[in-house]
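Step one of this worksheet: look at the structure below.
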Amino acid sequence: MLSKIAAILDALLSVIKNHVSLLYSMPRTRSVGEFSAKKTVKKKSNKKKSNKGKTPQKEGFTQGITPTEGESVFESYLSVLTHLLGTQEIYENIVDEFSDVVTIQEVTGKNRNPTLETKTFNPIIYYYKLKNADDDEAERETHYRVYSYEKNESSRRKNTFKWKIIDPYDLYQKKDSHGFCQMFAFYIATNNTIGFIDKTKVKETMTKEHLKLIHTHNTFECLQKTITLIENLPASIKNALKTEFSDLEKDPVNGIPPNMKFSDFVEDLKRFKVTDLDDYIETLK
């Protein structure tokens, strides 16, 4: 039995390695990101700078969100998308729409776990505010994790289970990157991770370049899943997203062109290629 399990794991690892190798050897194609007027640099602050005087990135897009100083085109869109999906009521409605068992909780810090209900063993998505250098509560980003009741592989006893913290940073995302952790957590909690590469399965043989490719692939795959999810949302949640998008459009700091519709925004998201994420992944801290 052990030899069969070892053979299966070895085959799975081989498939993952081949997939990463394929990503590494992919031909470079001209991408939306190459139209950006500025190359992405690491941001020193989470606060967006003004878009005043900048030219919208219209090539290949319906209209084009204007990147702020130091942003790639992809990051400018990701910033708006994660704001929309991170709106708490909208996110809760999305979770409720696609799962009857997953719940959401806020905890007071990184080392706090969610509150458990008696005899309930369903996955919990939980989030907390990350501290920043200025300790500014209003500017703190939010990080999402999953609390899951899973088989205890380290126990000598058969069929024992324990609560486990699953952090998207550990499996799929670059550590301390911003954006999309709420969606990675959603896909983990709803068991929809097909297409993601779990870096814990291959990290011992990965170079930094391979690790970058894994992060790029997973972020792009998360985008594709999220586009599909948005298109299949009920009208009530879509309308809430449209309303929130209209509110964001009114603030020039978001770089959204006047009269740009939410449907235009989604169509633009579909035009990104995996190579558009290179600068974004490269410059994450």
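Residue names in the structure tokens use chain letters A, B, ... in the order shown, residue numbers from 1 in each chain, and ligand numbers from 1 in the order shown.
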Exercise. Could you tell me, as a ChimeraX atom specification, which residues of range 39-265 of chain A DSSP assigns to helix (DSSP H, G or I) when given the backbone?
Key: /A:73-86,88-98,137-139,168-171,181-189,199-201,203-205,208-231,235-249,252-254,262-265
Could you please take those selected residues and save C-alpha atoms as a PDB file, in the first residue's frame?
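Okay, this is what ended up in out.pdb:
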```pdb
ATOM      1  CA  VAL A  73      -1.335  48.271 -16.225  1.00  0.00           C
ATOM      2  CA  PHE A  74      -2.233  44.958 -14.620  1.00  0.00           C
ATOM      3  CA  GLU A  75      -1.763  46.299 -11.108  1.00  0.00           C
ATOM      4  CA  SER A  76      -4.049  49.249 -11.824  1.00  0.00           C
ATOM      5  CA  TYR A  77      -6.831  46.840 -12.803  1.00  0.00           C
ATOM      6  CA  LEU A  78      -6.089  44.436  -9.954  1.00  0.00           C
ATOM      7  CA  SER A  79      -6.333  47.297  -7.465  1.00  0.00           C
ATOM      8  CA  VAL A  80      -9.859  48.118  -8.641  1.00  0.00           C
ATOM      9  CA  LEU A  81     -10.901  44.463  -8.865  1.00  0.00           C
ATOM     10  CA  THR A  82      -9.741  43.562  -5.357  1.00  0.00           C
ATOM     11  CA  HIS A  83     -11.436  46.669  -3.980  1.00  0.00           C
ATOM     12  CA  LEU A  84     -14.709  45.604  -5.603  1.00  0.00           C
ATOM     13  CA  LEU A  85     -14.522  42.003  -4.425  1.00  0.00           C
ATOM     14  CA  GLY A  86     -13.158  43.005  -1.027  1.00  0.00           C
ATOM     15  CA  GLN A  88     -17.374  43.135   2.728  1.00  0.00           C
ATOM     16  CA  GLU A  89     -21.063  42.831   1.884  1.00  0.00           C
ATOM     17  CA  ILE A  90     -20.279  41.863  -1.716  1.00  0.00           C
ATOM     18  CA  TYR A  91     -17.685  39.290  -0.649  1.00  0.00           C
ATOM     19  CA  GLU A  92     -20.052  37.768   1.902  1.00  0.00           C
ATOM     20  CA  ASN A  93     -22.800  37.526  -0.717  1.00  0.00           C
ATOM     21  CA  ILE A  94     -20.416  35.802  -3.137  1.00  0.00           C
ATOM     22  CA  VAL A  95     -19.416  33.258  -0.496  1.00  0.00           C
ATOM     23  CA  ASP A  96     -23.073  32.633   0.399  1.00  0.00           C
ATOM     24  CA  GLU A  97     -23.969  32.236  -3.274  1.00  0.00           C
ATOM     25  CA  PHE A  98     -21.426  29.495  -3.923  1.00  0.00           C
ATOM     26  CA  GLU A 137      -5.723  51.850  10.809  1.00  0.00           C
ATOM     27  CA  ALA A 138      -7.409  53.360   7.746  1.00  0.00           C
ATOM     28  CA  GLU A 139      -4.538  52.356   5.454  1.00  0.00           C
ATOM     29  CA  PRO A 168      -2.673  31.447   0.440  1.00  0.00           C
ATOM     30  CA  TYR A 169       0.849  32.840   0.895  1.00  0.00           C
ATOM     31  CA  ASP A 170       2.098  29.372   1.811  1.00  0.00           C
ATOM     32  CA  LEU A 171       0.509  27.585  -1.135  1.00  0.00           C
ATOM     33  CA  CYS A 181      -5.752  36.721  -1.122  1.00  0.00           C
ATOM     34  CA  GLN A 182      -9.501  36.947  -0.475  1.00  0.00           C
ATOM     35  CA  MET A 183     -10.185  35.113  -3.739  1.00  0.00           C
ATOM     36  CA  PHE A 184      -7.478  32.498  -3.165  1.00  0.00           C
ATOM     37  CA  ALA A 185      -9.017  31.917   0.281  1.00  0.00           C
ATOM     38  CA  PHE A 186     -12.457  31.637  -1.320  1.00  0.00           C
ATOM     39  CA  TYR A 187     -11.270  29.009  -3.819  1.00  0.00           C
ATOM     40  CA  ILE A 188      -9.461  27.066  -1.080  1.00  0.00           C
ATOM     41  CA  ALA A 189     -12.524  27.062   1.187  1.00  0.00           C
ATOM     42  CA  LYS A 199       4.486  25.466  -4.380  1.00  0.00           C
ATOM     43  CA  THR A 200       4.882  23.404  -1.196  1.00  0.00           C
ATOM     44  CA  LYS A 201       4.900  20.311  -3.388  1.00  0.00           C
ATOM     45  CA  LYS A 203       9.693  24.173  -3.517  1.00  0.00           C
ATOM     46  CA  GLU A 204      12.679  21.937  -2.726  1.00  0.00           C
ATOM     47  CA  THR A 205      13.621  21.751  -6.408  1.00  0.00           C
ATOM     48  CA  LYS A 208      13.825  31.676  -7.840  1.00  0.00           C
ATOM     49  CA  GLU A 209      12.828  31.968 -11.482  1.00  0.00           C
ATOM     50  CA  HIS A 210      10.630  28.879 -11.272  1.00  0.00           C
ATOM     51  CA  LEU A 211       9.040  30.218  -8.099  1.00  0.00           C
ATOM     52  CA  LYS A 212       8.292  33.481  -9.882  1.00  0.00           C
ATOM     53  CA  LEU A 213       6.646  31.527 -12.699  1.00  0.00           C
ATOM     54  CA  ILE A 214       4.498  29.650 -10.192  1.00  0.00           C
ATOM     55  CA  HIS A 215       3.349  32.902  -8.557  1.00  0.00           C
ATOM     56  CA  THR A 216       2.650  34.412 -11.978  1.00  0.00           C
ATOM     57  CA  HIS A 217       0.725  31.359 -13.140  1.00  0.00           C
ATOM     58  CA  ASN A 218      -1.363  31.156  -9.957  1.00  0.00           C
ATOM     59  CA  THR A 219      -2.250  34.856 -10.044  1.00  0.00           C
ATOM     60  CA  PHE A 220      -3.286  34.614 -13.694  1.00  0.00           C
ATOM     61  CA  GLU A 221      -5.282  31.436 -13.011  1.00  0.00           C
ATOM     62  CA  CYS A 222      -7.005  33.176 -10.087  1.00  0.00           C
ATOM     63  CA  LEU A 223      -7.914  36.024 -12.439  1.00  0.00           C
ATOM     64  CA  GLN A 224      -9.454  33.589 -14.945  1.00  0.00           C
ATOM     65  CA  LYS A 225     -11.465  31.851 -12.232  1.00  0.00           C
ATOM     66  CA  THR A 226     -12.651  35.210 -10.923  1.00  0.00           C
ATOM     67  CA  ILE A 227     -13.747  36.453 -14.349  1.00  0.00           C
ATOM     68  CA  THR A 228     -15.807  33.273 -14.768  1.00  0.00           C
ATOM     69  CA  LEU A 229     -17.227  33.718 -11.275  1.00  0.00           C
ATOM     70  CA  ILE A 230     -18.255  37.326 -11.979  1.00  0.00           C
ATOM     71  CA  GLU A 231     -19.989  36.335 -15.203  1.00  0.00           C
ATOM     72  CA  ALA A 235     -28.117  39.986 -10.973  1.00  0.00           C
ATOM     73  CA  SER A 236     -28.299  41.260  -7.386  1.00  0.00           C
ATOM     74  CA  ILE A 237     -24.555  40.843  -6.784  1.00  0.00           C
ATOM     75  CA  LYS A 238     -23.655  42.111 -10.260  1.00  0.00           C
ATOM     76  CA  ASN A 239     -25.708  45.234  -9.595  1.00  0.00           C
ATOM     77  CA  ALA A 240     -23.887  45.752  -6.293  1.00  0.00           C
ATOM     78  CA  LEU A 241     -20.563  45.481  -8.146  1.00  0.00           C
ATOM     79  CA  LYS A 242     -21.760  47.978 -10.756  1.00  0.00           C
ATOM     80  CA  THR A 243     -22.776  50.436  -8.045  1.00  0.00           C
ATOM     81  CA  GLU A 244     -19.450  50.091  -6.254  1.00  0.00           C
ATOM     82  CA  PHE A 245     -17.595  50.488  -9.561  1.00  0.00           C
ATOM     83  CA  SER A 246     -19.492  53.712 -10.285  1.00  0.00           C
ATOM     84  CA  ASP A 247     -18.474  55.040  -6.873  1.00  0.00           C
ATOM     85  CA  LEU A 248     -14.820  54.207  -7.567  1.00  0.00           C
ATOM     86  CA  GLU A 249     -15.031  55.915 -10.962  1.00  0.00           C
ATOM     87  CA  PRO A 252      -9.789  60.341  -9.830  1.00  0.00           C
ATOM     88  CA  VAL A 253      -7.193  58.479  -7.771  1.00  0.00           C
ATOM     89  CA  ASN A 254      -8.527  55.169  -9.150  1.00  0.00           C
ATOM     90  CA  PHE A 262     -18.396  47.778 -15.228  1.00  0.00           C
ATOM     91  CA  SER A 263     -18.969  45.544 -18.268  1.00  0.00           C
ATOM     92  CA  ASP A 264     -16.113  47.390 -20.040  1.00  0.00           C
ATOM     93  CA  PHE A 265     -13.895  46.724 -17.038  1.00  0.00           C
TER      94      PHE A 265
END
```
Quiz item: In range 69-148 of chain A, what's strand (DSSP E) per DSSP? Answer as JSON, numbers by chain?
Solution: {"A": [103, 104, 105, 106, 124, 125, 126, 127, 128, 129, 142, 143, 144, 145, 146, 147, 148]}
